[in-house]
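Heads up: the structure comes next, in structure tokens.
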Amino acid sequence: MNEFVLHGHPASPFLRSACLGFEEKGVPYRIARMEASDMRGEAHRQLHPFGRIPILQHGDYRLYETQAILRYTDALIAKPALQPTDPKAIGRMNQIIGINDCYLFPMVARVIVFHRVVGPLLLGVAPDEAAIAGAVPDARLCLRELNRLLGDQLFLAGEELTLADLMLAPQLYYLAGTPEGGSILKDTPLLEWLERMNARPSMQVTLPPAPLRRAA
Ligand SMILES: N[C@@H](CCC(=O)N[C@@H](CS)C(=O)NCC(=O)O)C(=O)O
């Protein structure tokens, strides 16, 4: 089989989600590291017209959008299955992936994690406290809803690990390390789920670079 190559920066939670798919499958892959200075340049736009990461290259097949990469990985490599077969669990998994892509990342992580973690520690930019404060109500909403959907289950979409867990864990890893996220998550089932996820070998071998790791 052709080599799996993921283009991206190791600090990216979306890149980490894509890596988790390969790690959980036990399949080798390579990260083609992109620097912050490469982002949105011509070469990047050739790979991803919207200038985001990650991008998967598999032979002559190129794919972007993290959930699409994860679904491709799961379709190609059967075991262990990372998508449920029960229609209700499939619906829940897809709903939670949608919450991540439509609400949690753009409204919460892209603001709080950027201004608390990525900006100060990676780019040398001071946090924008007003932007952070403005995102806190959305953080409360997202985390309350994820807690409700998790309920007393082991994983987000039921009793088995699914793509929803792989999408959410890298985002919440960072958010939990911020004062705002940490305080909202304190003593919740979602934090217990995150701790279970953090203990998985796949999460341990995909930790972000050290400065960001300490902050999280
Ligand atoms: N919907 C995209 C989102 C990817 C995304 O936003 N990645 C971030 C890094 S974690 C990025 O590329 N940020 C660069 C930017 O916004 O300029 C996916 O699922 O892959």
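Letters A, B, ... mark the chains of the structure tokens in the order given; residue numbers begin at 1 per chain; ligand numbers begin at 1, in order shown.
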
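Contacts with ligand 1 are defined as any residue atom within 6 Å of a ligand atom, using only C-alpha atoms and all ligand atoms; the residues meeting this criterion are Ser12, Pro13, Phe14, Arg52, Ile53, Pro54, Tyr64, Glu65, Thr66 and Gln67 of chain A.
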
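The list of residues with at least one atom within 12 Å of A:Gly124, based on only C-alpha atoms and without residues fewer than 6 positions apart in the same chain, reads Phe114, His115, Arg116, Val117 and Val118 of chain A.
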
For the residues in that selection, give me N, CA and C atoms as a CSV table (one decimal), in the first residue's frame.
```
chain,number,residue,atom,x,y,z
A,114,PHE,N,-6.5,29.6,20.8
A,114,PHE,CA,-5.6,30.4,20.0
A,114,PHE,C,-5.0,31.5,20.9
A,115,HIS,N,-5.8,32.2,21.6
A,115,HIS,CA,-5.3,33.3,22.4
A,115,HIS,C,-4.6,32.9,23.7
A,116,ARG,N,-4.9,31.8,24.2
A,116,ARG,CA,-4.3,31.3,25.5
A,116,ARG,C,-3.0,30.5,25.2
A,117,VAL,N,-3.0,29.7,24.1
A,117,VAL,CA,-2.0,28.7,23.9
A,117,VAL,C,-1.2,29.0,22.7
A,118,VAL,N,-1.8,28.9,21.5
A,118,VAL,CA,-1.0,28.9,20.3
A,118,VAL,C,-0.4,30.3,20.1
```

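For the set A:Asp187, A:Ala126, A:Arg196, A:Leu166, the residue with the smallest atom-to-atom gap to A:Leu154 is A:Arg196, counting only C-alpha atoms.
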
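Of the residues under consideration (A:Asp165, A:Leu156, A:Pro189, A:Glu145), A:Asp165 shows the shortest atom-to-atom contact distance to A:Met203 when counting only C-alpha atoms.
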
* **In stretch 96-173 of chain A, DSSP helix (DSSP H, G or I) residues written as number ranges by chain** => A: 96-123, 129-150, 163-173

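Of the listed residues (A:Glu180, A:Glu159, A:Glu192, A:Asp74), A:Glu180 comes nearest to A:Val111; the distances count only C-alpha atoms.
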
* **Near-A:Leu149 list (12 Å; only C-alpha atoms; drop same-chain fewer than 2 positions) as a list in words** => Ala89, Gly91, Arg92, Met93, Gln95, Ile96, Ile99, Cys142, Leu143, Arg144, Glu145, Leu146, Asn147, Gly151, Asp152, Gln153, Leu154, Phe155, Leu156, Ala157, Gly158, Ala164, Pro189 and Leu190 of chain A

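Near A:Tyr29, within 7 Å and counting only C-alpha atoms, sit Glu3, Phe4, Val5, Phe22, Val27 and Ile31 of chain A; same-chain residues fewer than 2 positions away were not included.
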
* Asked: Out of A:Leu163, A:Phe50, A:Pro10, A:Ala135, which residue has the shortest atom-to-atom distance to A:Tyr72 when counting only C-alpha atoms?
  -> A:Leu163

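When only C-alpha atoms are used to measure the gap to A:Ala68, the shortest distance among A:Met167, A:Ala131, A:Leu47, A:Ala32 belongs to A:Met167.
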
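Residue nearest A:Asn100, chosen from A:Ile132, A:Leu6, A:Leu123, A:Ala139 and counting only C-alpha atoms: A:Ala139.
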
* Interatomic distance, atom CA of A:Leu15 to atom CA of A:Ile55 (Å, one decimal) -> 8.3 Å
